[in-house]
>>> print(open('model-v6.cif').read())   # mmCIF, C-alpha atoms and all ligand atoms
data_data
loop_
_atom_site.group_PDB
_atom_site.id
_atom_site.type_symbol
_atom_site.label_atom_id
_atom_site.label_comp_id
_atom_site.auth_asym_id
_atom_site.auth_seq_id
_atom_site.Cartn_x
_atom_site.Cartn_y
_atom_site.Cartn_z
ATOM 1 C CA MET A 819 82.981 105.445 104.005
ATOM 2 C CA ARG A 820 84.007 108.261 101.663
ATOM 3 C CA HIS A 821 82.084 110.760 99.586
ATOM 4 C CA LEU A 822 83.207 112.943 96.673
ATOM 5 C CA ILE A 823 81.810 116.431 97.177
ATOM 6 C CA SER A 824 84.802 118.556 96.110
ATOM 7 C CA PRO A 825 87.748 117.716 93.819
ATOM 8 C CA LEU A 826 89.946 118.341 96.882
ATOM 9 C CA ASP A 827 88.401 115.376 98.713
ATOM 10 C CA PHE A 828 91.055 113.299 96.935
ATOM 11 C CA SER A 829 94.727 114.121 97.488
ATOM 12 C CA VAL A 830 97.059 114.504 94.503
ATOM 13 C CA GLU A 831 98.333 110.969 95.164
ATOM 14 C CA GLU A 832 94.793 109.533 95.346
ATOM 15 C CA THR A 833 93.825 111.405 92.192
ATOM 16 C CA GLU A 834 96.894 109.995 90.426
ATOM 17 C CA LYS A 835 95.874 106.442 91.458
ATOM 18 C CA LEU A 836 92.339 107.062 90.181
ATOM 19 C CA LEU A 837 93.645 108.343 86.839
ATOM 20 C CA LEU A 838 95.962 105.341 86.416
ATOM 21 C CA LEU A 839 93.073 102.989 87.206
ATOM 22 C CA ALA A 840 90.854 104.856 84.714
ATOM 23 C CA GLU A 841 93.560 104.551 82.032
ATOM 24 C CA ASP A 842 93.827 100.827 82.701
ATOM 25 C CA ILE A 843 90.033 100.536 82.408
ATOM 26 C CA ALA A 844 90.149 102.461 79.114
ATOM 27 C CA ASN A 845 92.788 100.045 77.776
ATOM 28 C CA ASP A 846 90.851 96.903 78.727
ATOM 29 C CA PRO A 847 87.327 97.534 80.077
ATOM 30 C CA SER A 848 86.470 93.812 79.979
ATOM 31 C CA LYS A 849 88.875 93.197 82.896
ATOM 32 C CA TYR A 850 86.488 95.136 85.132
ATOM 33 C CA SER A 851 83.163 93.897 83.806
ATOM 34 C CA LYS A 852 82.106 92.045 86.960
ATOM 35 C CA VAL A 853 83.695 93.971 89.838
ATOM 36 C CA CYS A 854 80.360 95.596 90.847
ATOM 37 C CA ASP A 855 78.273 92.449 90.490
ATOM 38 C CA GLY A 856 75.276 92.852 92.839
ATOM 39 C CA LYS A 857 75.945 96.563 93.528
ATOM 40 C CA LYS A 858 73.463 99.351 92.757
ATOM 41 C CA LEU A 859 74.052 102.999 91.814
ATOM 42 C CA ALA A 860 71.278 105.556 92.422
ATOM 43 C CA THR A 861 71.317 108.621 90.155
ATOM 44 C CA LEU A 862 69.443 111.449 91.911
ATOM 45 C CA PHE A 863 69.254 114.226 89.332
ATOM 46 C CA TYR A 864 67.259 117.322 90.284
ATOM 47 C CA GLU A 865 68.619 119.179 87.206
ATOM 48 C CA PRO A 866 68.916 118.202 83.517
ATOM 49 C CA SER A 867 71.912 116.173 82.376
ATOM 50 C CA THR A 868 72.939 114.004 79.456
ATOM 51 C CA ARG A 869 76.629 113.168 79.961
ATOM 52 C CA THR A 870 76.961 113.027 83.725
ATOM 53 C CA ARG A 871 73.875 110.911 84.422
ATOM 54 C CA LEU A 872 74.249 108.579 81.461
ATOM 55 C CA SER A 873 78.012 108.177 81.860
ATOM 56 C CA PHE A 874 77.457 107.280 85.524
ATOM 57 C CA GLU A 875 74.878 104.751 84.450
ATOM 58 C CA ALA A 876 77.125 103.384 81.690
ATOM 59 C CA ALA A 877 79.999 103.209 84.194
ATOM 60 C CA MET A 878 78.013 101.120 86.682
ATOM 61 C CA LEU A 879 76.600 98.859 83.957
ATOM 62 C CA ASN A 880 80.129 98.380 82.525
ATOM 63 C CA LEU A 881 81.244 97.264 85.997
ATOM 64 C CA GLY A 882 78.489 94.629 86.158
ATOM 65 C CA GLY A 883 76.257 96.574 88.567
ATOM 66 C CA SER A 884 72.731 97.975 88.229
ATOM 67 C CA VAL A 885 71.257 101.470 88.268
ATOM 68 C CA LEU A 886 68.100 103.160 89.525
ATOM 69 C CA GLY A 887 67.126 106.776 89.961
ATOM 70 C CA PHE A 888 65.278 109.812 88.720
ATOM 71 C CA SER A 889 66.244 112.394 86.113
ATOM 72 C CA SER A 890 64.290 115.461 87.267
ATOM 73 C CA ALA A 891 62.997 116.946 90.498
ATOM 74 C CA ASP A 892 59.483 116.847 89.026
ATOM 75 C CA SER A 893 59.542 113.079 88.738
ATOM 76 C CA SER A 894 60.655 112.604 92.366
ATOM 77 C CA SER A 895 59.017 113.380 95.698
ATOM 78 C CA ALA A 896 61.014 116.631 95.788
ATOM 79 C CA ALA A 897 57.965 117.930 93.889
ATOM 80 C CA LYS A 898 55.908 117.163 97.025
ATOM 81 C CA GLY A 899 58.397 118.960 99.258
ATOM 82 C CA GLU A 900 60.662 116.114 100.417
ATOM 83 C CA SER A 901 64.059 117.265 101.686
ATOM 84 C CA VAL A 902 67.391 116.056 100.296
ATOM 85 C CA ALA A 903 68.177 114.699 103.786
ATOM 86 C CA ASP A 904 65.061 112.504 103.872
ATOM 87 C CA THR A 905 65.541 111.364 100.267
ATOM 88 C CA ILE A 906 69.108 110.161 100.847
ATOM 89 C CA ARG A 907 68.127 108.389 104.086
ATOM 90 C CA VAL A 908 65.613 106.379 102.066
ATOM 91 C CA ILE A 909 67.915 105.828 99.070
ATOM 92 C CA SER A 910 70.615 104.534 101.444
ATOM 93 C CA GLY A 911 68.390 101.478 101.873
ATOM 94 C CA TYR A 912 67.889 101.000 98.128
ATOM 95 C CA ALA A 913 71.388 101.441 96.660
ATOM 96 C CA ASP A 914 75.098 101.071 97.503
ATOM 97 C CA ILE A 915 76.245 104.452 96.130
ATOM 98 C CA ALA A 916 74.508 107.625 94.920
ATOM 99 C CA ALA A 917 75.357 110.384 92.427
ATOM 100 C CA MET A 918 73.416 113.617 93.017
ATOM 101 C CA ARG A 919 72.991 116.695 90.832
ATOM 102 C CA HIS A 920 71.117 119.606 92.386
ATOM 103 C CA PRO A 921 70.563 123.290 91.514
ATOM 104 C CA LYS A 922 71.339 124.341 95.112
ATOM 105 C CA GLU A 923 74.988 124.746 96.024
ATOM 106 C CA GLY A 924 75.867 122.379 98.881
ATOM 107 C CA ALA A 925 72.895 120.007 98.437
ATOM 108 C CA PRO A 926 75.106 116.910 97.811
ATOM 109 C CA TYR A 927 77.155 117.877 100.884
ATOM 110 C CA VAL A 928 73.973 118.024 102.985
ATOM 111 C CA ALA A 929 72.992 114.627 101.557
ATOM 112 C CA SER A 930 76.380 113.194 102.541
ATOM 113 C CA LEU A 931 75.740 114.191 106.170
ATOM 114 C CA HIS A 932 72.585 112.082 106.255
ATOM 115 C CA SER A 933 73.726 109.160 104.116
ATOM 116 C CA THR A 934 74.956 105.694 104.984
ATOM 117 C CA ILE A 935 76.237 105.160 101.408
ATOM 118 C CA PRO A 936 78.891 107.132 99.467
ATOM 119 C CA VAL A 937 77.482 110.301 97.882
ATOM 120 C CA ILE A 938 79.038 111.790 94.742
ATOM 121 C CA ASN A 939 78.452 115.425 93.828
ATOM 122 C CA ALA A 940 77.388 115.319 90.165
ATOM 123 C CA GLY A 941 77.159 119.138 90.004
ATOM 124 C CA ASP A 942 75.713 121.566 92.580
ATOM 125 C CA GLY A 943 74.453 124.871 91.229
ATOM 126 C CA GLY A 944 77.256 127.188 90.108
ATOM 127 C CA HIS A 945 79.601 125.693 92.713
ATOM 128 C CA GLN A 946 81.490 122.469 91.888
ATOM 129 C CA HIS A 947 81.444 119.520 89.481
ATOM 130 C CA PRO A 948 84.181 117.204 90.760
ATOM 131 C CA THR A 949 83.503 114.241 88.450
ATOM 132 C CA GLN A 950 83.773 116.566 85.437
ATOM 133 C CA THR A 951 87.144 117.574 86.883
ATOM 134 C CA LEU A 952 88.250 113.930 87.132
ATOM 135 C CA THR A 953 87.141 113.585 83.493
ATOM 136 C CA ASP A 954 89.098 116.710 82.503
ATOM 137 C CA LEU A 955 92.216 115.594 84.372
ATOM 138 C CA LEU A 956 92.003 112.145 82.783
ATOM 139 C CA THR A 957 91.651 113.702 79.327
ATOM 140 C CA ILE A 958 94.650 115.994 79.832
ATOM 141 C CA HIS A 959 96.751 113.239 81.458
ATOM 142 C CA SER A 960 95.947 110.752 78.693
ATOM 143 C CA LEU A 961 96.354 113.099 75.736
ATOM 144 C CA LYS A 962 99.142 115.394 76.997
ATOM 145 C CA GLY A 963 100.939 112.896 79.233
ATOM 146 C CA ARG A 964 101.157 115.303 82.174
ATOM 147 C CA LEU A 965 99.203 117.570 84.514
ATOM 148 C CA ASP A 966 102.057 120.008 85.174
ATOM 149 C CA HIS A 967 103.865 122.679 83.142
ATOM 150 C CA LEU A 968 100.703 123.746 81.335
ATOM 151 C CA THR A 969 99.173 127.079 80.378
ATOM 152 C CA ILE A 970 95.424 126.670 80.474
ATOM 153 C CA GLY A 971 93.001 129.081 78.856
ATOM 154 C CA LEU A 972 89.532 129.148 80.424
ATOM 155 C CA CYS A 973 87.066 130.887 78.138
ATOM 156 C CA GLY A 974 83.445 131.982 78.486
ATOM 157 C CA ASP A 975 81.272 131.937 81.582
ATOM 158 C CA LEU A 976 83.826 131.768 84.375
ATOM 159 C CA LYS A 977 81.365 133.179 86.913
ATOM 160 C CA PHE A 978 78.675 130.494 86.834
ATOM 161 C CA GLY A 979 80.665 127.664 85.185
ATOM 162 C CA ARG A 980 81.093 125.128 87.986
ATOM 163 C CA THR A 981 83.379 122.936 85.871
ATOM 164 C CA VAL A 982 85.889 125.795 85.705
ATOM 165 C CA HIS A 983 85.761 126.355 89.473
ATOM 166 C CA SER A 984 86.470 122.691 90.183
ATOM 167 C CA LEU A 985 89.186 122.447 87.533
ATOM 168 C CA ILE A 986 91.097 125.450 88.910
ATOM 169 C CA ASN A 987 90.925 123.982 92.431
ATOM 170 C CA ALA A 988 92.331 120.691 91.177
ATOM 171 C CA LEU A 989 95.041 122.012 88.844
ATOM 172 C CA VAL A 990 96.640 124.509 91.231
ATOM 173 C CA ARG A 991 98.023 121.496 93.115
ATOM 174 C CA TYR A 992 100.408 120.677 90.216
ATOM 175 C CA PRO A 993 103.727 122.458 89.503
ATOM 176 C CA ASN A 994 104.099 125.188 86.892
ATOM 177 C CA ILE A 995 100.451 125.670 86.068
ATOM 178 C CA SER A 996 99.298 129.057 84.834
ATOM 179 C CA PHE A 997 95.862 130.248 83.767
ATOM 180 C CA VAL A 998 94.653 132.697 81.155
ATOM 181 C CA MET A 999 91.053 133.592 81.958
ATOM 182 C CA ILE A 1000 89.130 134.900 78.971
ATOM 183 C CA SER A 1001 85.703 136.342 79.727
ATOM 184 C CA PRO A 1002 83.635 139.504 79.596
ATOM 185 C CA GLU A 1003 83.818 141.676 82.714
ATOM 186 C CA GLU A 1004 80.420 140.412 83.937
ATOM 187 C CA LEU A 1005 81.416 136.736 83.763
ATOM 188 C CA ARG A 1006 84.820 136.886 85.436
ATOM 189 C CA ILE A 1007 85.908 134.208 87.888
ATOM 190 C CA PRO A 1008 84.356 134.686 91.375
ATOM 191 C CA THR A 1009 86.443 136.747 93.791
ATOM 192 C CA TYR A 1010 86.744 133.900 96.309
ATOM 193 C CA ILE A 1011 88.512 131.743 93.711
ATOM 194 C CA ARG A 1012 90.759 134.590 92.571
ATOM 195 C CA LYS A 1013 91.793 135.423 96.139
ATOM 196 C CA GLU A 1014 91.609 132.138 98.069
ATOM 197 C CA VAL A 1015 92.757 129.736 95.356
ATOM 198 C CA LEU A 1016 94.931 131.672 92.899
ATOM 199 C CA ASP A 1017 96.376 134.609 94.867
ATOM 200 C CA ASP A 1018 96.905 132.696 98.113
ATOM 201 C CA LYS A 1019 98.784 129.933 96.295
ATOM 202 C CA ASN A 1020 100.752 132.363 94.087
ATOM 203 C CA VAL A 1021 99.449 130.738 90.923
ATOM 204 C CA PRO A 1022 100.201 132.891 87.858
ATOM 205 C CA TYR A 1023 97.136 134.047 85.940
ATOM 206 C CA LYS A 1024 95.869 136.873 83.806
ATOM 207 C CA GLU A 1025 92.386 138.016 82.899
ATOM 208 C CA VAL A 1026 91.692 139.161 79.328
ATOM 209 C CA GLU A 1027 88.682 139.757 77.099
ATOM 210 C CA VAL A 1028 90.027 138.911 73.614
ATOM 211 C CA LEU A 1029 90.547 135.217 72.841
ATOM 212 C CA GLU A 1030 92.659 135.657 69.679
ATOM 213 C CA ASP A 1031 95.320 137.673 71.541
ATOM 214 C CA VAL A 1032 96.198 134.781 73.857
ATOM 215 C CA MET A 1033 95.632 131.732 71.627
ATOM 216 C CA PRO A 1034 99.359 131.228 70.785
ATOM 217 C CA GLU A 1035 100.253 130.885 74.505
ATOM 218 C CA LEU A 1036 97.867 128.078 75.358
ATOM 219 C CA ASP A 1037 98.501 124.349 75.857
ATOM 220 C CA ILE A 1038 94.830 123.752 76.647
ATOM 221 C CA LEU A 1039 91.827 125.865 75.690
ATOM 222 C CA TYR A 1040 88.851 125.015 77.914
ATOM 223 C CA MET A 1041 85.731 126.505 76.343
ATOM 224 C CA THR A 1042 82.514 126.858 78.340
ATOM 225 C CA ARG A 1043 78.859 127.548 77.636
ATOM 226 C CA VAL A 1044 77.234 130.696 79.018
ATOM 227 C CA GLN A 1045 75.046 129.193 81.762
ATOM 228 C CA LYS A 1046 71.599 130.448 80.772
ATOM 229 C CA GLU A 1047 69.916 128.707 83.707
ATOM 230 C CA ARG A 1048 71.916 130.719 86.269
ATOM 231 C CA PHE A 1049 71.116 134.186 84.840
ATOM 232 C CA PHE A 1050 68.560 136.387 86.600
ATOM 233 C CA ASN A 1051 67.971 138.482 83.507
ATOM 234 C CA GLU A 1052 67.365 137.095 79.990
ATOM 235 C CA GLU A 1053 68.590 140.326 78.348
ATOM 236 C CA ASP A 1054 72.028 139.853 79.917
ATOM 237 C CA TYR A 1055 72.133 136.251 78.710
ATOM 238 C CA ILE A 1056 71.239 137.239 75.146
ATOM 239 C CA ARG A 1057 73.855 139.998 75.171
ATOM 240 C CA LEU A 1058 76.635 137.694 76.393
ATOM 241 C CA LYS A 1059 75.840 134.260 74.976
ATOM 242 C CA ASP A 1060 77.695 134.566 71.657
ATOM 243 C CA ARG A 1061 80.599 136.649 72.923
ATOM 244 C CA TYR A 1062 83.108 133.868 72.196
ATOM 245 C CA ILE A 1063 82.794 131.564 69.205
ATOM 246 C CA LEU A 1064 85.817 129.381 68.497
ATOM 247 C CA ASP A 1065 86.089 128.770 64.769
ATOM 248 C CA ALA A 1066 88.689 127.575 62.260
ATOM 249 C CA SER A 1067 90.065 131.091 61.746
ATOM 250 C CA LYS A 1068 90.840 131.448 65.466
ATOM 251 C CA MET A 1069 92.351 127.945 65.599
ATOM 252 C CA GLN A 1070 95.033 129.161 63.154
ATOM 253 C CA TYR A 1071 96.631 131.095 66.035
ATOM 254 C CA ALA A 1072 96.867 128.034 68.306
ATOM 255 C CA LYS A 1073 99.841 125.741 68.919
ATOM 256 C CA GLU A 1074 99.867 122.591 66.813
ATOM 257 C CA ASP A 1075 99.434 120.438 69.922
ATOM 258 C CA MET A 1076 96.973 122.643 71.821
ATOM 259 C CA LEU A 1077 93.922 120.691 73.026
ATOM 260 C CA VAL A 1078 90.420 122.152 72.841
ATOM 261 C CA LEU A 1079 88.293 120.875 75.717
ATOM 262 C CA HIS A 1080 84.678 121.631 76.605
ATOM 263 C CA PRO A 1081 82.591 119.907 79.294
ATOM 264 C CA LEU A 1082 79.623 120.024 76.873
ATOM 265 C CA PRO A 1083 76.824 120.619 76.098
ATOM 266 C CA ARG A 1084 77.934 123.315 73.647
ATOM 267 C CA VAL A 1085 75.587 125.877 72.191
ATOM 268 C CA ASN A 1086 77.372 128.261 69.801
ATOM 269 C CA GLU A 1087 80.730 128.680 71.498
ATOM 270 C CA ILE A 1088 82.559 126.144 69.308
ATOM 271 C CA SER A 1089 81.722 126.179 65.627
ATOM 272 C CA VAL A 1090 81.056 122.668 64.265
ATOM 273 C CA GLU A 1091 83.852 123.222 61.715
ATOM 274 C CA VAL A 1092 86.327 122.864 64.618
ATOM 275 C CA ASP A 1093 85.112 119.303 65.285
ATOM 276 C CA LYS A 1094 87.295 117.910 62.498
ATOM 277 C CA ASP A 1095 90.425 119.658 63.764
ATOM 278 C CA PRO A 1096 92.672 116.988 65.398
ATOM 279 C CA ARG A 1097 93.106 119.332 68.370
ATOM 280 C CA ALA A 1098 89.371 119.172 69.164
ATOM 281 C CA ALA A 1099 89.214 116.717 72.076
ATOM 282 C CA TYR A 1100 85.777 117.396 73.578
ATOM 283 C CA PHE A 1101 84.036 114.273 72.312
ATOM 284 C CA LYS A 1102 86.966 112.107 73.469
ATOM 285 C CA GLN A 1103 86.651 113.956 76.789
ATOM 286 C CA ALA A 1104 83.006 112.850 77.109
ATOM 287 C CA GLN A 1105 84.121 109.237 76.550
ATOM 288 C CA PHE A 1106 86.858 109.583 79.181
ATOM 289 C CA GLY A 1107 84.038 110.527 81.580
ATOM 290 C CA VAL A 1108 82.836 106.929 81.605
ATOM 291 C CA TYR A 1109 86.289 105.600 82.552
ATOM 292 C CA ALA A 1110 86.827 108.245 85.235
ATOM 293 C CA ARG A 1111 83.451 107.420 86.786
ATOM 294 C CA MET A 1112 84.116 103.665 86.618
ATOM 295 C CA ALA A 1113 87.361 104.201 88.538
ATOM 296 C CA LEU A 1114 85.618 106.492 91.043
ATOM 297 C CA ILE A 1115 82.820 103.983 91.734
ATOM 298 C CA MET A 1116 85.393 101.212 92.279
ATOM 299 C CA ILE A 1117 87.409 103.363 94.695
ATOM 300 C CA LEU A 1118 84.401 104.566 96.716
ATOM 301 C CA LEU A 1119 82.932 101.047 96.905
ATOM 302 C CA GLU A 1120 86.389 99.546 97.504
ATOM 303 C CA VAL A 1121 85.848 96.824 94.910
ATOM 304 C CA GLY A 1122 88.228 95.308 92.359
ATOM 305 C CA LEU A 1123 91.277 97.160 93.722
ATOM 306 C CA CYS A 1124 94.623 95.382 94.126
HETATM 307 N N1 LIG A 1201 79.363 118.101 81.336
HETATM 308 C C1 LIG A 1201 78.145 117.912 81.889
HETATM 309 O O1 LIG A 1201 77.964 118.036 83.103
HETATM 310 O O2 LIG A 1201 77.166 117.590 80.985
HETATM 311 P P1 LIG A 1201 75.662 117.260 81.361
HETATM 312 O O3 LIG A 1201 75.049 118.527 81.904
HETATM 313 O O4 LIG A 1201 75.023 116.787 80.094
HETATM 314 O O5 LIG A 1201 75.686 116.198 82.434
#
>>> encode(input="model-v6.cif", output="structure tokens", more="lines below")
Ligand code: CP
Amino acid sequence: MRHLISPLDFSVEETEKLLLLAEDIANDPSKYSKVCDGKKLATLFYEPSTRTRLSFEAAMLNLGGSVLGFSSADSSSAAKGESVADTIRVISGYADIAAMRHPKEGAPYVASLHSTIPVINAGDGGHQHPTQTLTDLLTIHSLKGRLDHLTIGLCGDLKFGRTVHSLINALVRYPNISFVMISPEELRIPTYIRKEVLDDKNVPYKEVEVLEDVMPELDILYMTRVQKERFFNEEDYIRLKDRYILDASKMQYAKEDMLVLHPLPRVNEISVEVDKDPRAAYFKQAQFGVYARMALIMILLEVGLC
């Protein structure tokens, strides 16, 4: 039995297989409409979500399976003090696979230690969000045709943005990747990622504060929301939240084939006028999330694979 707790739980080769399966699903979803007949997915969400929870549910329903779960800690027995370990022991008897989002870093990992069904980390605090990474990789692979030889701009809250942490971990495994990290001083990438992931692997990167200066270099611009829920101090959030706003005037500096990605939800960091730019790929990205999660469920449940 396998879990997905970190994007590194799958090798590059396994990730490639998952992406090819997801692309095949995207081309003809009806081929896979019964592969999870009789299987159940539990969505255990202790934090708010629209895309991750509902795309997991759509994925399982598209595969012919069923879903059950809760969408907030308040509506589960966590509100009465139940531990993640006890919850997953019980859910293991109700479902075949579980996706868990939790505000505490490491909670899905703890669940995996006590589970008899595959556990998927659907986002743990400011730590990791591996299924968003599979979604991001699928989007880049499908729209760019490659995961190598790319300059990727990461813009916004690089300190608390778990999607950025997971994406860096995944992309450094491909050749000729470089990063341009665009953030205010206070929201720079955590030191452990800079040292243990980028420096140790000799991955080229630079850290800057002005988005316009680096726009012409980028193949991908990955915008992120300032993570209000992870701030200790509302004043700091208010001061930093609108630091970067991508608008049509800034898009003029970008390559003609640059992709704009964003894990969503967005607040103000991408002006709605950018939505009609053909380089804006964030709503396609959300759709790719369903196909990536369908492929992941099939692989972890070992169903419908040749
Ligand atoms: N991208 C993402 O995780 O979105 P949700 O918080 O809506 O699930």
>>> closest_atom_pairs(input="model-v6.cif", of="chain A", to="ligand LIG 1201 (chain A)", cutoff="10 Å", atoms="only C-alpha atoms and all ligand atoms", output="CSV")
residue,atom,partner,partner_atom,distance
A:Phe863,CA,A:LIG1201,O5,9.6
A:Glu865,CA,A:LIG1201,O3,8.4
A:Pro866,CA,A:LIG1201,O3,6.3
A:Ser867,CA,A:LIG1201,O5,3.8
A:Thr868,CA,A:LIG1201,O4,3.5
A:Arg869,CA,A:LIG1201,O4,4.0
A:Thr870,CA,A:LIG1201,O5,3.7
A:Arg871,CA,A:LIG1201,O5,5.9
A:Leu872,CA,A:LIG1201,O5,7.8
A:Ser873,CA,A:LIG1201,O5,8.4
A:Phe874,CA,A:LIG1201,O5,9.6
A:Arg919,CA,A:LIG1201,O5,8.8
A:Ala940,CA,A:LIG1201,O1,7.6
A:Gly941,CA,A:LIG1201,O1,7.0
A:His947,CA,A:LIG1201,O1,7.4
A:Pro948,CA,A:LIG1201,O1,9.9
A:Thr949,CA,A:LIG1201,O1,8.6
A:Gln950,CA,A:LIG1201,N1,6.2
A:Thr951,CA,A:LIG1201,N1,9.6
A:Thr953,CA,A:LIG1201,N1,9.2
A:Asp954,CA,A:LIG1201,N1,9.9
A:Arg980,CA,A:LIG1201,O1,9.2
A:Thr981,CA,A:LIG1201,N1,7.8
A:Thr1042,CA,A:LIG1201,N1,9.8
A:His1080,CA,A:LIG1201,N1,7.9
A:Pro1081,CA,A:LIG1201,N1,4.2
A:Leu1082,CA,A:LIG1201,N1,4.9
A:Pro1083,CA,A:LIG1201,O2,5.8
A:Arg1084,CA,A:LIG1201,O2,9.3
A:Gln1103,CA,A:LIG1201,N1,9.5
A:Ala1104,CA,A:LIG1201,N1,7.7
A:Gly1107,CA,A:LIG1201,N1,8.9
>>> write_last_selection(input="model-v6.cif", atoms="C-alpha atoms", output="CSV table (one decimal), in the coordinates of the input")
chain,number,residue,atom,x,y,z
A,863,PHE,CA,69.3,114.2,89.3
A,865,GLU,CA,68.6,119.2,87.2
A,866,PRO,CA,68.9,118.2,83.5
A,867,SER,CA,71.9,116.2,82.4
A,868,THR,CA,72.9,114.0,79.5
A,869,ARG,CA,76.6,113.2,80.0
A,870,THR,CA,77.0,113.0,83.7
A,871,ARG,CA,73.9,110.9,84.4
A,872,LEU,CA,74.2,108.6,81.5
A,873,SER,CA,78.0,108.2,81.9
A,874,PHE,CA,77.5,107.3,85.5
A,919,ARG,CA,73.0,116.7,90.8
A,940,ALA,CA,77.4,115.3,90.2
A,941,GLY,CA,77.2,119.1,90.0
A,947,HIS,CA,81.4,119.5,89.5
A,948,PRO,CA,84.2,117.2,90.8
A,949,THR,CA,83.5,114.2,88.4
A,950,GLN,CA,83.8,116.6,85.4
A,951,THR,CA,87.1,117.6,86.9
A,953,THR,CA,87.1,113.6,83.5
A,954,ASP,CA,89.1,116.7,82.5
A,980,ARG,CA,81.1,125.1,88.0
A,981,THR,CA,83.4,122.9,85.9
A,1042,THR,CA,82.5,126.9,78.3
A,1080,HIS,CA,84.7,121.6,76.6
A,1081,PRO,CA,82.6,119.9,79.3
A,1082,LEU,CA,79.6,120.0,76.9
A,1083,PRO,CA,76.8,120.6,76.1
A,1084,ARG,CA,77.9,123.3,73.6
A,1103,GLN,CA,86.7,114.0,76.8
A,1104,ALA,CA,83.0,112.8,77.1
A,1107,GLY,CA,84.0,110.5,81.6
>>> resolve_selection(input="model-v6.cif", expression="the PyMOL selection byres (((chain A and resi 965) around 9) and not hetatm)", output="number ranges by chain")
A: 955, 958-959, 962-964, 966-968, 989, 992-993, 995
>>> resolve_selection(input="model-v6.cif", expression="the PyMOL selection byres (((chain A and resi 823) around 9) and not hetatm)", output="ChimeraX atom specification")
/A:821-822,824-827,924,926-927,930,937-941,946-948
>>> resolve_selection(input="model-v6.cif", expression="the PyMOL selection byres (((chain A and resi 846-850) around 10) and not hetatm)", output="JSON, numbers by chain")
{"A": [840, 841, 842, 843, 844, 845, 851, 852, 853, 854, 880, 881, 882, 1109, 1112, 1113, 1116, 1121, 1122]}
>>> atom_distance(input="model-v6.cif", atom1="CA of Tyr1023 in chain A", atom2="CA of Ser984 in chain A")
16.1 Å
>>> atom_distance(input="model-v6.cif", atom1="CA of Lys922 in chain A", atom2="CA of Gly944 in chain A")
8.3 Å
>>> closest_residue(input="model-v6.cif", among="A:Val990, A:Leu879, A:Leu859, A:Val1092", to="Val1015 in chain A", atoms="all atoms listed in the file")
A:Val990
>>> atom_distance(input="model-v6.cif", atom1="CA of Ala903 in chain A", atom2="CA of Ser890 in chain A")
17.0 Å
>>> closest_residue(input="model-v6.cif", among="A:Ala917, A:Asp1065, A:Ser910, A:Arg1043", to="Ala877 in chain A", atoms="all atoms listed in the file")
A:Ala917
>>> closest_residue(input="model-v6.cif", among="A:Leu836, A:Ile986, A:Ala929, A:Leu862", to="Lys1019 in chain A", atoms="all atoms listed in the file")
A:Ile986
>>> residues_around(input="model-v6.cif", residues="Val1032 in chain A", least_positions_apart="2", cutoff="10 Å", atoms="all atoms listed in the file", output="list of chain:residue names")
A:Gly971, A:Val998, A:Met999, A:Ile1000, A:Val1026, A:Glu1027, A:Val1028, A:Leu1029, A:Glu1030, A:Pro1034, A:Glu1035, A:Leu1036, A:Tyr1071, A:Ala1072
>>> residues_around(input="model-v6.cif", residues="range 1053-1059 of chain A", least_positions_apart="3", cutoff="10 Å", atoms="all atoms listed in the file", output="ChimeraX atom specification")
/A:974-975,1001-1002,1004-1005,1043-1050,1062-1063,1085-1087
>>> closest_residue(input="model-v6.cif", among="A:Ala1099, A:Ile915, A:Val1108, A:Met819", to="Met1076 in chain A", atoms="all atoms listed in the file")
A:Ala1099
>>> closest_residue(input="model-v6.cif", among="A:Ile1007, A:Leu1077, A:Ala860, A:Ala876", to="Leu1039 in chain A", atoms="all atoms listed in the file")
A:Leu1077
>>> closest_residue(input="model-v6.cif", among="A:Ala1110, A:Val902, A:Tyr864, A:Thr969", to="Ser889 in chain A", atoms="all atoms listed in the file")
A:Tyr864
